[in-house]
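To be precise, the following lines are query_10.txt, and they hold compact mmCIF, C-alpha atoms and all ligand atoms.
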```txt
# COMPACT_ATOMS: atom_id res chain seq x y z
CA MET A 279 114.31 124.46 85.75
CA ASP A 280 117.71 123.15 84.72
CA GLU A 281 118.85 120.30 86.98
CA GLN A 282 122.25 121.95 87.39
CA GLU A 283 120.49 124.76 89.26
CA TYR A 284 119.20 122.58 92.09
CA LYS A 285 121.45 123.37 95.02
CA THR A 286 120.31 120.66 97.39
CA MET A 287 119.80 116.92 97.31
CA GLU A 288 116.37 117.44 98.89
CA THR A 289 115.23 119.29 95.76
CA LYS A 290 117.03 117.00 93.33
CA VAL A 291 115.34 113.83 94.64
CA ILE A 292 111.91 115.38 94.09
CA HIS A 293 112.40 117.17 90.77
CA ALA A 294 115.39 115.89 88.79
CA GLY A 295 114.14 113.74 85.90
CA GLN A 296 110.60 114.04 87.25
CA GLU A 297 109.17 116.92 85.23
CA PRO A 298 105.36 117.09 84.85
CA ASP A 299 104.17 114.98 81.94
CA PRO A 300 104.25 117.11 78.76
CA LEU A 301 101.07 115.51 77.39
CA PHE A 302 98.52 116.14 80.17
CA GLY A 303 100.60 117.74 82.92
CA GLY A 304 100.48 114.75 85.26
CA VAL A 305 102.66 115.66 88.25
CA SER A 306 103.63 112.03 88.75
CA VAL A 307 105.58 110.52 85.85
CA PRO A 308 103.14 108.34 83.84
CA ILE A 309 103.74 104.60 83.63
CA TYR A 310 104.29 103.80 79.96
CA GLN A 311 103.37 100.15 80.30
CA SER A 312 104.04 99.37 76.67
CA SER A 313 106.56 96.93 75.24
CA THR A 314 106.70 98.65 71.85
CA PHE A 315 106.13 102.13 70.33
CA ALA A 316 104.27 102.89 67.09
CA PHE A 317 106.04 104.63 64.22
CA GLN A 318 104.05 107.11 62.10
CA ASN A 319 105.47 105.59 58.93
CA ALA A 320 108.24 103.38 57.59
CA GLU A 321 110.58 106.35 57.21
CA GLN A 322 110.21 107.25 60.88
CA GLY A 323 110.84 103.64 61.96
CA ALA A 324 114.01 103.56 59.86
CA ALA A 325 115.13 106.95 61.20
CA ARG A 326 114.69 105.81 64.81
CA PHE A 327 116.67 102.62 64.22
CA ALA A 328 119.41 104.57 62.47
CA GLY A 329 119.54 106.99 65.40
CA ARG A 330 118.69 109.95 63.13
CA GLU A 331 115.54 110.66 65.08
CA LYS A 332 114.97 110.64 68.84
CA GLY A 333 112.11 108.59 70.14
CA TYR A 334 111.24 105.21 71.50
CA ILE A 335 111.32 101.85 69.73
CA TYR A 336 111.05 98.97 72.19
CA THR A 337 111.13 98.87 76.01
CA ARG A 338 114.16 96.60 76.29
CA ILE A 339 116.14 99.41 74.64
CA ALA A 340 114.49 102.43 76.29
CA ASN A 341 111.16 103.59 77.69
CA PRO A 342 109.95 107.05 78.88
CA THR A 343 109.18 105.96 82.47
CA ILE A 344 112.50 104.16 82.77
CA LYS A 345 114.23 107.19 81.22
CA ALA A 346 112.80 109.41 83.97
CA LEU A 347 114.35 107.14 86.59
CA GLU A 348 117.66 107.08 84.70
CA ASP A 349 117.70 110.89 84.53
CA SER A 350 116.84 111.15 88.20
CA VAL A 351 119.69 108.90 89.41
CA ALA A 352 122.15 110.42 86.90
CA ALA A 353 121.37 113.84 88.40
CA LEU A 354 121.79 112.54 91.95
CA GLU A 355 125.19 111.06 91.07
CA ASN A 356 126.33 113.91 88.78
CA GLY A 357 126.88 111.46 85.93
CA TYR A 358 126.44 111.70 82.17
CA GLY A 359 123.36 109.47 82.14
CA GLY A 360 121.76 106.48 83.80
CA ILE A 361 121.07 102.94 82.60
CA ALA A 362 118.42 101.16 84.63
CA THR A 363 118.55 97.38 84.98
CA SER A 364 116.33 94.60 86.29
CA SER A 365 118.44 94.17 89.46
CA GLY A 366 121.62 95.37 91.10
CA MET A 367 123.32 92.17 89.96
CA SER A 368 122.22 92.92 86.42
CA ALA A 369 123.85 96.36 86.66
CA ILE A 370 127.07 94.72 87.89
CA SER A 371 127.08 91.93 85.30
CA THR A 372 126.27 94.39 82.48
CA VAL A 373 129.28 96.52 83.44
CA LEU A 374 131.66 93.57 83.88
CA PHE A 375 130.54 91.56 80.84
CA GLY A 376 130.29 94.76 78.83
CA LEU A 377 133.70 96.22 79.58
CA LEU A 378 136.01 93.27 80.25
CA GLU A 379 137.62 91.12 77.60
CA LYS A 380 138.99 87.61 77.46
CA GLY A 381 142.11 87.60 79.63
CA SER A 382 141.24 90.83 81.45
CA HIS A 383 142.32 91.14 85.06
CA LEU A 384 140.05 92.69 87.66
CA ILE A 385 140.79 93.81 91.23
CA SER A 386 138.02 94.04 93.78
CA THR A 387 137.20 94.53 97.45
CA ALA A 388 137.49 91.27 99.43
CA SER A 389 134.23 91.85 101.27
CA VAL A 390 132.34 92.90 98.12
CA TYR A 391 128.65 91.90 97.88
CA GLY A 392 128.53 88.08 98.09
CA ALA A 393 126.80 87.51 94.73
CA THR A 394 129.27 89.85 92.97
CA ARG A 395 132.18 87.75 94.16
CA VAL A 396 130.51 84.43 93.33
CA MET A 397 129.56 85.71 89.84
CA VAL A 398 133.12 86.89 89.13
CA GLU A 399 134.73 83.70 90.43
CA ASN A 400 132.29 81.16 89.01
CA ILE A 401 131.03 82.74 85.77
CA LEU A 402 133.39 85.47 84.54
CA SER A 403 136.27 83.05 85.15
CA ARG A 404 134.83 80.82 82.40
CA PHE A 405 135.58 83.65 79.96
CA ASP A 406 139.17 83.80 81.20
CA VAL A 407 138.65 86.89 83.28
CA VAL A 408 141.00 86.70 86.24
CA ALA A 409 140.16 88.44 89.51
CA ASP A 410 142.01 89.30 92.70
CA PHE A 411 140.08 90.20 95.83
CA THR A 412 141.92 92.19 98.45
CA ASP A 413 141.44 94.51 101.38
CA THR A 414 141.04 97.67 99.30
CA SER A 415 141.04 99.86 102.42
CA LYS A 416 144.84 99.69 102.01
CA ILE A 417 145.74 101.31 98.71
CA ASP A 418 149.10 99.50 98.56
CA ASN A 419 147.25 96.17 98.42
CA ILE A 420 145.68 97.33 95.15
CA ARG A 421 148.88 98.84 93.76
CA ARG A 422 150.73 95.57 94.31
CA LEU A 423 148.19 93.59 92.28
CA ILE A 424 148.13 95.80 89.19
CA ARG A 425 149.60 94.17 86.06
CA SER A 426 149.46 94.82 82.34
CA GLU A 427 146.18 92.88 81.93
CA THR A 428 144.44 94.82 84.72
CA LYS A 429 141.45 96.64 83.24
CA LEU A 430 139.14 97.45 86.06
CA LEU A 431 139.03 98.19 89.75
CA PHE A 432 135.67 97.38 91.34
CA ILE A 433 135.24 98.67 94.87
CA GLU A 434 132.43 98.73 97.33
CA THR A 435 132.51 101.34 100.10
CA PRO A 436 131.22 101.06 102.74
CA ALA A 437 131.63 97.36 102.03
CA ASN A 438 129.02 94.76 102.74
CA PRO A 439 128.72 93.65 105.50
CA THR A 440 131.89 94.74 107.30
CA LEU A 441 131.52 98.51 106.74
CA VAL A 442 135.20 98.75 105.86
CA LEU A 443 135.80 101.88 103.76
CA THR A 444 137.93 102.35 100.66
CA ASP A 445 139.39 105.73 99.74
CA ILE A 446 137.63 106.55 96.46
CA ALA A 447 139.81 109.54 95.52
CA ALA A 448 143.01 107.55 96.11
CA CYS A 449 141.65 104.68 93.99
CA ALA A 450 140.70 107.14 91.25
CA GLN A 451 144.22 108.50 91.14
CA LEU A 452 145.70 104.99 91.02
CA ALA A 453 143.23 104.08 88.28
CA ARG A 454 144.17 107.15 86.23
CA GLU A 455 147.90 106.43 86.57
CA ASN A 456 147.40 102.84 85.41
CA ASN A 457 144.69 103.33 82.82
CA LEU A 458 142.07 101.35 84.76
CA LEU A 459 138.36 101.92 85.00
CA LEU A 460 137.19 102.59 88.54
CA VAL A 461 133.71 101.21 89.29
CA VAL A 462 132.11 101.94 92.67
CA ASP A 463 129.15 100.06 94.11
CA ASN A 464 127.52 102.92 96.04
CA THR A 465 124.53 100.94 97.30
CA PHE A 466 125.43 101.11 100.99
CA ALA A 467 125.93 104.87 101.10
CA SER A 468 123.26 106.10 98.63
CA PRO A 469 123.85 109.28 96.61
CA ILE A 470 122.64 111.34 99.56
CA ILE A 471 125.86 110.80 101.46
CA GLN A 472 128.45 109.82 98.85
CA ASN A 473 129.06 110.70 95.18
CA PRO A 474 131.92 108.56 93.81
CA LEU A 475 131.93 110.22 90.36
CA ASP A 476 132.76 113.56 92.00
CA LEU A 477 135.77 111.85 93.57
CA GLY A 478 137.01 110.61 90.19
CA ALA A 479 135.30 107.24 89.72
CA ASP A 480 134.29 106.30 86.15
CA ILE A 481 131.10 104.39 86.88
CA VAL A 482 128.80 104.19 89.86
CA ILE A 483 126.41 101.30 90.42
CA HIS A 484 123.40 100.96 92.70
CA SER A 485 121.15 98.16 93.71
CA VAL A 486 118.06 100.42 93.71
CA THR A 487 116.40 97.64 95.69
CA LYS A 488 117.99 99.23 98.74
CA PHE A 489 118.01 102.93 99.70
CA LEU A 490 116.93 104.42 96.34
CA ASN A 491 113.61 102.58 96.30
CA GLY A 492 113.57 102.25 100.06
CA HIS A 493 110.33 100.35 100.61
CA SER A 494 111.41 96.69 100.29
CA ASP A 495 109.00 96.14 97.41
CA VAL A 496 111.16 96.33 94.24
CA VAL A 497 114.36 94.68 92.98
CA GLY A 498 116.30 96.82 90.51
CA GLY A 499 119.62 98.38 89.58
CA VAL A 500 121.18 101.34 87.83
CA ILE A 501 124.51 102.17 86.20
CA VAL A 502 125.73 105.78 86.03
CA PRO A 503 128.92 106.48 84.01
CA ARG A 504 130.67 109.84 84.36
CA GLU A 505 131.53 110.24 80.69
CA GLU A 506 129.52 110.01 77.52
CA SER A 507 131.73 107.41 75.79
CA ILE A 508 131.29 104.78 78.52
CA TYR A 509 127.61 105.63 78.80
CA GLN A 510 127.08 105.07 75.06
CA GLN A 511 129.01 101.81 75.16
CA LEU A 512 126.94 100.41 78.04
CA ARG A 513 123.70 101.84 76.63
CA LYS A 514 124.19 99.53 73.62
CA ILE A 515 125.31 96.52 75.68
CA MET A 516 122.49 96.53 78.26
CA PRO A 517 119.67 95.66 75.79
CA LEU A 518 121.86 92.99 74.19
CA LEU A 519 122.42 91.28 77.53
CA GLY A 520 118.73 91.88 78.20
CA GLY A 521 118.79 93.06 81.79
CA ASN A 522 116.43 96.00 81.30
CA MET A 523 114.16 97.39 83.97
CA ASP A 524 110.38 97.28 83.64
CA PRO A 525 108.29 100.52 83.45
CA HIS A 526 106.21 99.75 86.52
CA GLN A 527 109.33 98.87 88.49
CA ALA A 528 110.88 102.20 87.38
CA TRP A 529 107.79 104.13 88.48
CA LEU A 530 107.88 102.59 91.96
CA VAL A 531 111.55 103.49 92.31
CA LEU A 532 110.87 107.08 91.16
CA ARG A 533 108.20 107.29 93.83
CA GLY A 534 110.64 105.98 96.44
CA ILE A 535 113.37 108.43 95.40
CA LYS A 536 111.19 111.43 96.22
CA THR A 537 111.67 110.70 99.93
CA LEU A 538 115.26 109.44 99.67
CA ALA A 539 116.80 112.45 101.39
CA LEU A 540 114.28 112.37 104.25
CA ARG A 541 114.62 108.61 104.71
CA VAL A 542 118.41 108.55 104.69
CA GLU A 543 118.56 111.47 107.10
CA LYS A 544 116.18 109.83 109.57
CA SER A 545 117.65 106.33 109.35
CA GLN A 546 121.25 107.49 109.75
CA GLU A 547 120.29 109.61 112.74
CA ASN A 548 118.75 106.47 114.28
CA ALA A 549 121.82 104.42 113.30
CA PHE A 550 124.24 106.86 114.87
CA LYS A 551 122.40 106.71 118.20
CA LEU A 552 121.93 102.92 118.07
CA ALA A 553 125.63 102.40 117.29
CA GLN A 554 126.49 104.41 120.41
CA PHE A 555 123.96 102.44 122.44
CA LEU A 556 125.39 99.12 121.25
CA ALA A 557 128.99 100.23 121.81
CA ASP A 558 128.16 100.99 125.45
CA HIS A 559 126.22 97.77 126.05
CA PRO A 560 127.98 95.24 128.32
CA GLN A 561 127.00 92.24 126.15
CA VAL A 562 128.33 93.72 122.92
CA ALA A 563 131.91 92.75 122.04
CA TRP A 564 132.45 95.14 119.14
CA VAL A 565 130.59 97.58 116.87
CA ASN A 566 131.57 98.75 113.40
CA TYR A 567 129.93 102.01 112.36
CA PRO A 568 131.76 104.68 110.33
CA GLY A 569 130.33 107.39 112.58
CA LEU A 570 131.99 106.06 115.72
CA LYS A 571 135.46 107.39 116.59
CA SER A 572 136.44 103.75 117.19
CA HIS A 573 135.91 102.95 113.46
CA PRO A 574 139.45 102.57 112.05
CA GLN A 575 138.56 104.83 109.11
CA HIS A 576 136.44 107.41 110.88
CA ASP A 577 138.55 110.22 109.37
CA LEU A 578 138.11 108.87 105.84
CA ALA A 579 134.36 108.63 106.48
CA ARG A 580 134.29 112.31 107.44
CA ARG A 581 136.26 113.16 104.30
CA GLN A 582 134.44 111.22 101.58
CA MET A 583 130.92 110.87 103.02
CA ARG A 584 128.39 113.51 104.02
CA GLY A 585 126.99 111.27 106.74
CA PHE A 586 127.71 107.87 108.20
CA GLY A 587 124.87 105.80 106.79
CA ALA A 588 122.24 103.53 108.23
CA MET A 589 124.17 100.24 108.39
CA ILE A 590 125.72 98.89 111.59
CA CYS A 591 127.53 95.63 112.18
CA PHE A 592 128.39 94.22 115.57
CA GLY A 593 129.25 91.07 117.48
CA LEU A 594 128.17 89.86 120.90
CA LYS A 595 130.48 88.60 123.64
CA GLY A 596 128.70 85.25 123.49
CA GLY A 597 129.57 84.88 119.77
CA TYR A 598 127.13 83.56 117.20
CA GLU A 599 125.13 81.47 119.68
CA ALA A 600 124.31 84.66 121.60
CA GLY A 601 123.72 86.51 118.33
CA LYS A 602 121.27 83.87 117.15
CA LYS A 603 119.33 84.26 120.40
CA MET A 604 119.29 87.99 119.88
CA ILE A 605 118.11 88.02 116.27
CA ASN A 606 115.40 85.52 117.20
CA SER A 607 114.24 87.87 119.96
CA VAL A 608 113.99 91.23 118.15
CA LYS A 609 110.41 92.29 117.51
CA ILE A 610 110.60 95.56 115.53
CA ALA A 611 113.65 94.88 113.39
CA THR A 612 112.64 92.13 110.97
CA LEU A 613 114.86 89.09 110.47
CA ALA A 614 115.48 89.42 106.73
CA VAL A 615 118.30 90.06 104.27
CA SER A 616 118.41 93.25 102.15
CA LEU A 617 118.74 96.77 103.53
CA GLY A 618 117.94 100.40 103.02
CA GLY A 619 114.19 100.20 103.54
CA VAL A 620 112.00 102.25 105.89
CA GLU A 621 111.78 99.17 108.11
CA SER A 622 114.79 98.00 110.14
CA LEU A 623 116.18 94.62 109.10
CA ILE A 624 118.60 92.35 110.93
CA GLN A 625 120.53 89.35 109.59
CA HIS A 626 123.53 87.06 110.04
CA PRO A 627 125.78 87.32 106.93
CA ALA A 628 127.94 84.21 107.59
CA SER A 629 124.90 81.91 107.34
CA MET A 630 122.73 84.05 105.04
CA THR A 631 123.93 86.64 102.47
CA HIS A 632 127.50 85.34 102.45
CA ALA A 633 126.74 81.64 102.95
CA GLY A 634 127.93 80.95 99.36
CA VAL A 635 131.36 82.52 99.97
CA PRO A 636 133.98 79.87 100.96
CA GLN A 637 135.10 79.96 104.61
CA LYS A 638 138.65 81.06 103.79
CA GLU A 639 137.40 83.98 101.71
CA LYS A 640 134.96 84.96 104.44
CA GLU A 641 137.83 85.13 106.91
CA GLN A 642 139.95 87.16 104.49
CA ALA A 643 137.02 89.54 104.06
CA GLY A 644 136.52 89.95 107.81
CA ILE A 645 133.10 88.28 107.79
CA THR A 646 133.38 86.63 111.17
CA ASP A 647 130.84 84.11 112.44
CA ASP A 648 129.67 86.49 115.17
CA LEU A 649 128.95 89.41 112.79
CA ILE A 650 125.35 90.65 112.90
CA ARG A 651 124.23 93.22 110.34
CA LEU A 652 121.57 95.77 111.17
CA SER A 653 119.97 97.98 108.53
CA VAL A 654 118.41 100.79 110.52
CA GLY A 655 115.08 102.08 109.26
CA CYS A 656 112.92 105.12 109.91
CA GLU A 657 111.07 103.91 113.01
CA GLY A 658 111.26 105.95 116.21
CA PHE A 659 114.61 105.71 117.97
CA GLU A 660 113.05 104.95 121.39
CA ASP A 661 111.24 101.91 119.97
CA LEU A 662 114.31 100.61 118.16
CA LYS A 663 116.49 101.02 121.23
CA ALA A 664 113.93 99.36 123.52
CA ASP A 665 113.66 96.47 121.06
CA LEU A 666 117.43 95.87 120.95
CA GLU A 667 117.56 96.23 124.73
CA GLN A 668 114.91 93.57 125.32
CA ALA A 669 116.47 91.25 122.69
CA LEU A 670 119.88 91.58 124.39
CA SER A 671 118.31 90.82 127.75
CA GLN A 672 117.17 87.43 126.37
CA VAL A 673 120.80 86.48 125.67
C1 LIG B 1 121.86 94.05 97.19
C2 LIG B 1 123.18 94.44 96.68
C3 LIG B 1 123.58 94.12 95.38
C4 LIG B 1 122.72 93.28 94.45
O1 LIG B 1 121.55 93.94 94.15
P1 LIG B 1 120.18 93.19 93.73
O2 LIG B 1 119.26 94.31 93.49
O3 LIG B 1 119.80 92.31 94.88
O4 LIG B 1 120.48 92.39 92.50
C5 LIG B 1 124.81 94.56 94.96
N1 LIG B 1 125.62 95.28 95.77
C6 LIG B 1 125.27 95.59 97.03
C7 LIG B 1 126.22 96.37 97.86
C8 LIG B 1 124.04 95.19 97.53
O5 LIG B 1 123.72 95.50 98.78
```
I'd like the structure from this file rewritten - as structure tokens, please.
Amino acid sequence: MDEQEYKTMETKVIHAGQEPDPLFGGVSVPIYQSSTFAFQNAEQGAARFAGREKGYIYTRIANPTIKALEDSVAALENGYGGIATSSGMSAISTVLFGLLEKGSHLISTASVYGATRVMVENILSRFDVVADFTDTSKIDNIRRLIRSETKLLFIETPANPTLVLTDIAACAQLARENNLLLVVDNTFASPIIQNPLDLGADIVIHSVTKFLNGHSDVVGGVIVPREESIYQQLRKIMPLLGGNMDPHQAWLVLRGIKTLALRVEKSQENAFKLAQFLADHPQVAWVNYPGLKSHPQHDLARRQMRGFGAMICFGLKGGYEAGKKMINSVKIATLAVSLGGVESLIQHPASMTHAGVPQKEKEQAGITDDLIRLSVGCEGFEDLKADLEQALSQV
């Protein structure tokens, strides 16, 4: 069946890109654990290299198992095609190194993923790429920073770890008016609840390590451009930079994607109820969750997302000292970085994921010392609530 005919995400995650194997009919995509592919003769080898004949050459360039994953995510994001990478950071660096030039200017979300910011500021800067980080939830902040060298707008929404939202459609319009590429890191939402390309973005990026794989056992990334020209450009650049995915890694992610819709639905239902529980708790000072009416961009969340996600951040009245006590007392949620897995994870960004970001930048990005980040998993709500309740009672 043609992928365009799948009406629901539930069907897409199971079938798109994951056709039965044409050779033996295997229902699960086979793992082509081969670095290289035999040519029938010299003419065929030459034809493949010249692009006159379809087929595989070498796994750094392309591989059938990896291709299945790329087709799957491209279908979920309604893009032209997918390019799988060894990690989310590899997807981000491939896009930025691939599309920016010496002297290019880039604008990005202040509270963007910590490693993205450090990479841009410490490595891309060596190639004379200049970057401004700003609160992209206010479109005028972006407009003010645009200059003739500006090439690319890189946003993350919901942003990590503050859950501040950026209006994707408004950014897309601004990007079109100013001839910029709009890149959206959609890791926090997952394609189940947000499709940036449909809102006008040019490229969407995922750390598949998170919701797409969903089982905390793989690190990987994917790039999905909306149009063929950008896809072809990045398709050539990825193997040159060398950040390809591995076939076994791709197979695990394909397996994870089959339950993506179920997992996201369950974990965001848990998150919604836990956010309400935390908001009502006397020891909790504040809660940021796009599904709460108190979230400053609740209306935008309703407009551009089909759900509110599984990430919550909050602070306790006793500040970080109280928070430390709490995260040392939880028993079901695991104290670990990363997110989007079936298991709930809790962490303290200021001392962990964002420890490398200078204090001033952390403040600008709203990453306060008391901020605790909770990635809600698929456990039973009653257990998760009881666990947070007992951990808060230790404070
Ligand atoms: C984890 C993460 C990344 C980096 O992905 P890796 O797979 O760890 O390289 C990038 N962006 C966001 C929003 C993330 O959560």
Which range 354-467 of chain A residues have any atom within 7 Å of an atom of range 335-349 of chain A, and for each, what is the nearest pair of atoms with distance in Å to one decimal, counting all atoms listed in the file, rows sorted by chain and number, as JSON lines?
```
{"residue": "A:Gly359", "atom": "CA", "partner": "A:Asp349", "partner_atom": "CA", "distance": 6.3}
{"residue": "A:Gly360", "atom": "CA", "partner": "A:Glu348", "partner_atom": "CA", "distance": 4.2}
{"residue": "A:Ile361", "atom": "CA", "partner": "A:Glu348", "partner_atom": "CA", "distance": 5.8}
{"residue": "A:Ala362", "atom": "CA", "partner": "A:Glu348", "partner_atom": "CA", "distance": 6.0}
```
Fill in: Nearest residue to ligand LIG 1 (chain B) from the set A:Thr440, A:Thr465, A:Ser382, A:Asn566 (distances using only C-alpha atoms and all ligand atoms)
A:Thr465
Worksheet item: Of the candidates A:Tyr567, A:Phe432, A:Phe489, A:Phe555, which one gets nearest to Asp665 in chain A if we count all atoms listed in the file?
Response: A:Phe555
Worksheet item: Hey, which residues come within 10 Å of ligand LIG 1 (chain B) if we count only C-alpha atoms and all ligand atoms? Could you give them as a PyMOL selection string?
Response: chain A and resi 363-371+389-394+433-439+462-467+483-489+496-500+615-618+631
Worksheet entry | Residue among A:Leu490, A:Leu378, A:Val305, A:Ile515 lying closest to Leu532 in chain A, counting only C-alpha atoms | A:Leu490
Practice prompt. Pick out the residues sitting within 8 Å of range 623-627 of chain A, and hand them over as number ranges by chain; count all atoms listed in the file, and ignore anything fewer than 5 positions along from it in its own chain.
Written response: A: 439, 605, 611-617, 632-633, 645, 649-655
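Between Lys536 in chain A and the residues A:Glu660, A:Glu427, A:Glu288, A:Asp445, the shortest atom-to-atom distance, using only C-alpha atoms, involves A:Glu288.
Proximity of A:Ile385, A:Leu552, A:Ile470, A:Ala448 to Ala353 in chain A, computed with only C-alpha atoms, is greatest for A:Ile470.
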Name all residues at most 12 Å from Arg404 in chain A (count all atoms listed in the file; drop same-chain ones fewer than 4 positions away) and give them as a PDB file with C-alpha atoms, in the coordinates of the input.
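Writing the result to result08.pdb gives the following:
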```pdb
ATOM      1  CA  PHE A 375     130.540  91.560  80.840  1.00  0.00           C
ATOM      2  CA  GLU A 379     137.620  91.120  77.600  1.00  0.00           C
ATOM      3  CA  LYS A 380     138.990  87.610  77.460  1.00  0.00           C
ATOM      4  CA  GLY A 381     142.110  87.600  79.630  1.00  0.00           C
ATOM      5  CA  SER A 382     141.240  90.830  81.450  1.00  0.00           C
ATOM      6  CA  MET A 397     129.560  85.710  89.840  1.00  0.00           C
ATOM      7  CA  VAL A 398     133.120  86.890  89.130  1.00  0.00           C
ATOM      8  CA  GLU A 399     134.730  83.700  90.430  1.00  0.00           C
ATOM      9  CA  ASN A 400     132.290  81.160  89.010  1.00  0.00           C
ATOM     10  CA  VAL A 408     141.000  86.700  86.240  1.00  0.00           C
ATOM     11  CA  ALA A 409     140.160  88.440  89.510  1.00  0.00           C
TER      12      ALA A 409
END
```
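Here CA of Pro560 in chain A is placed at a distance of 15.4 Å from CA of Ala664 in chain A.
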Fill in: Selection as a PyMOL selection string: residues within 12 Å of (123.8, 84.2, 117.9), counting all atoms listed in the file
chain A and resi 561-562+592-607+624-629+646-651+669-670+672-673
Restricting it to C-alpha atoms, dump the selection as a tab-separated table (two decimals), in the frame of the given file.
```tsv
chain	number	residue	atom	x	y	z
A	561	GLN	CA	127.00	92.24	126.15
A	562	VAL	CA	128.33	93.72	122.92
A	592	PHE	CA	128.39	94.22	115.57
A	593	GLY	CA	129.25	91.07	117.48
A	594	LEU	CA	128.17	89.86	120.90
A	595	LYS	CA	130.48	88.60	123.64
A	596	GLY	CA	128.70	85.25	123.49
A	597	GLY	CA	129.57	84.88	119.77
A	598	TYR	CA	127.13	83.56	117.20
A	599	GLU	CA	125.13	81.47	119.68
A	600	ALA	CA	124.31	84.66	121.60
A	601	GLY	CA	123.72	86.51	118.33
A	602	LYS	CA	121.27	83.87	117.15
A	603	LYS	CA	119.33	84.26	120.40
A	604	MET	CA	119.29	87.99	119.88
A	605	ILE	CA	118.11	88.02	116.27
A	606	ASN	CA	115.40	85.52	117.20
A	607	SER	CA	114.24	87.87	119.96
A	624	ILE	CA	118.60	92.35	110.93
A	625	GLN	CA	120.53	89.35	109.59
A	626	HIS	CA	123.53	87.06	110.04
A	627	PRO	CA	125.78	87.32	106.93
A	628	ALA	CA	127.94	84.21	107.59
A	629	SER	CA	124.90	81.91	107.34
A	646	THR	CA	133.38	86.63	111.17
A	647	ASP	CA	130.84	84.11	112.44
A	648	ASP	CA	129.67	86.49	115.17
A	649	LEU	CA	128.95	89.41	112.79
A	650	ILE	CA	125.35	90.65	112.90
A	651	ARG	CA	124.23	93.22	110.34
A	669	ALA	CA	116.47	91.25	122.69
A	670	LEU	CA	119.88	91.58	124.39
A	672	GLN	CA	117.17	87.43	126.37
A	673	VAL	CA	120.80	86.48	125.67
```
Up to 12 Å from (127.2, 95.6, 75.0) in the file's coordinates: name the residues, counting only C-alpha atoms, as a PDB file with C-alpha atoms, in the coordinates of the input.
```pdb
ATOM      1  CA  ILE A 339     116.140  99.410  74.640  1.00  0.00           C
ATOM      2  CA  SER A 371     127.080  91.930  85.300  1.00  0.00           C
ATOM      3  CA  THR A 372     126.270  94.390  82.480  1.00  0.00           C
ATOM      4  CA  VAL A 373     129.280  96.520  83.440  1.00  0.00           C
ATOM      5  CA  LEU A 374     131.660  93.570  83.880  1.00  0.00           C
ATOM      6  CA  PHE A 375     130.540  91.560  80.840  1.00  0.00           C
ATOM      7  CA  GLY A 376     130.290  94.760  78.830  1.00  0.00           C
ATOM      8  CA  LEU A 377     133.700  96.220  79.580  1.00  0.00           C
ATOM      9  CA  LEU A 378     136.010  93.270  80.250  1.00  0.00           C
ATOM     10  CA  GLU A 379     137.620  91.120  77.600  1.00  0.00           C
ATOM     11  CA  ILE A 508     131.290 104.780  78.520  1.00  0.00           C
ATOM     12  CA  TYR A 509     127.610 105.630  78.800  1.00  0.00           C
ATOM     13  CA  GLN A 510     127.080 105.070  75.060  1.00  0.00           C
ATOM     14  CA  GLN A 511     129.010 101.810  75.160  1.00  0.00           C
ATOM     15  CA  LEU A 512     126.940 100.410  78.040  1.00  0.00           C
ATOM     16  CA  ARG A 513     123.700 101.840  76.630  1.00  0.00           C
ATOM     17  CA  LYS A 514     124.190  99.530  73.620  1.00  0.00           C
ATOM     18  CA  ILE A 515     125.310  96.520  75.680  1.00  0.00           C
ATOM     19  CA  MET A 516     122.490  96.530  78.260  1.00  0.00           C
ATOM     20  CA  PRO A 517     119.670  95.660  75.790  1.00  0.00           C
ATOM     21  CA  LEU A 518     121.860  92.990  74.190  1.00  0.00           C
ATOM     22  CA  LEU A 519     122.420  91.280  77.530  1.00  0.00           C
ATOM     23  CA  GLY A 520     118.730  91.880  78.200  1.00  0.00           C
ATOM     24  CA  GLY A 521     118.790  93.060  81.790  1.00  0.00           C
TER      25      GLY A 521
END
```
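Ranking A:Thr444, A:Gln668, A:Ser494, A:Asn548 by their shortest atom-to-atom distance to Gln582 in chain A, with only C-alpha atoms included, puts A:Thr444 first.
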Item to complete: Fewer than 4 positions away in the same chain doesn't count, so skip those; otherwise give me all residues within 7 Å of Ala553 in chain A, counting all atoms listed in the file, as a PyMOL selection string.
Response: chain A and resi 549+557+565+567+590
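For the pair CA of Leu477 in chain A and CA of Cys449 in chain A, the interatomic distance is 9.3 Å.
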Calculate, to one decimal in Å, the centre and edge lengths of the box along x, y and z of the file that holds all listed atoms of range 510-517 of chain A with 4 Å of margin on each side, and present them as lines of an AutoDock Vina configuration file.
```
center_x = 124.3
center_y = 100.4
center_z = 75.9
size_x = 17.3
size_y = 17.4
size_z = 12.6
```
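Going from CA of Ala539 in chain A over to CA of Ser622 in chain A, you cover 17.0 Å.
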Worksheet item: Contacts of Leu431 in chain A at 7 Å or less, counting all atoms listed in the file, minus same-chain residues fewer than 6 places along, as a list of chain:residue names?
Response: A:Leu384, A:Ile385, A:Ser386, A:Leu458, A:Leu459, A:Leu460, A:Val461
Near Glu283 in chain A, within 12 Å and counting only C-alpha atoms, which residues show up once chain neighbours fewer than 5 positions away are dropped, as a PDB file with C-alpha atoms, in the frame of the given file?
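Output below, filename out_15.pdb:
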```pdb
ATOM      1  CA  THR A 289     115.230 119.290  95.760  1.00  0.00           C
ATOM      2  CA  LYS A 290     117.030 117.000  93.330  1.00  0.00           C
ATOM      3  CA  HIS A 293     112.400 117.170  90.770  1.00  0.00           C
ATOM      4  CA  ALA A 294     115.390 115.890  88.790  1.00  0.00           C
ATOM      5  CA  ALA A 353     121.370 113.840  88.400  1.00  0.00           C
TER       6      ALA A 353
END
```
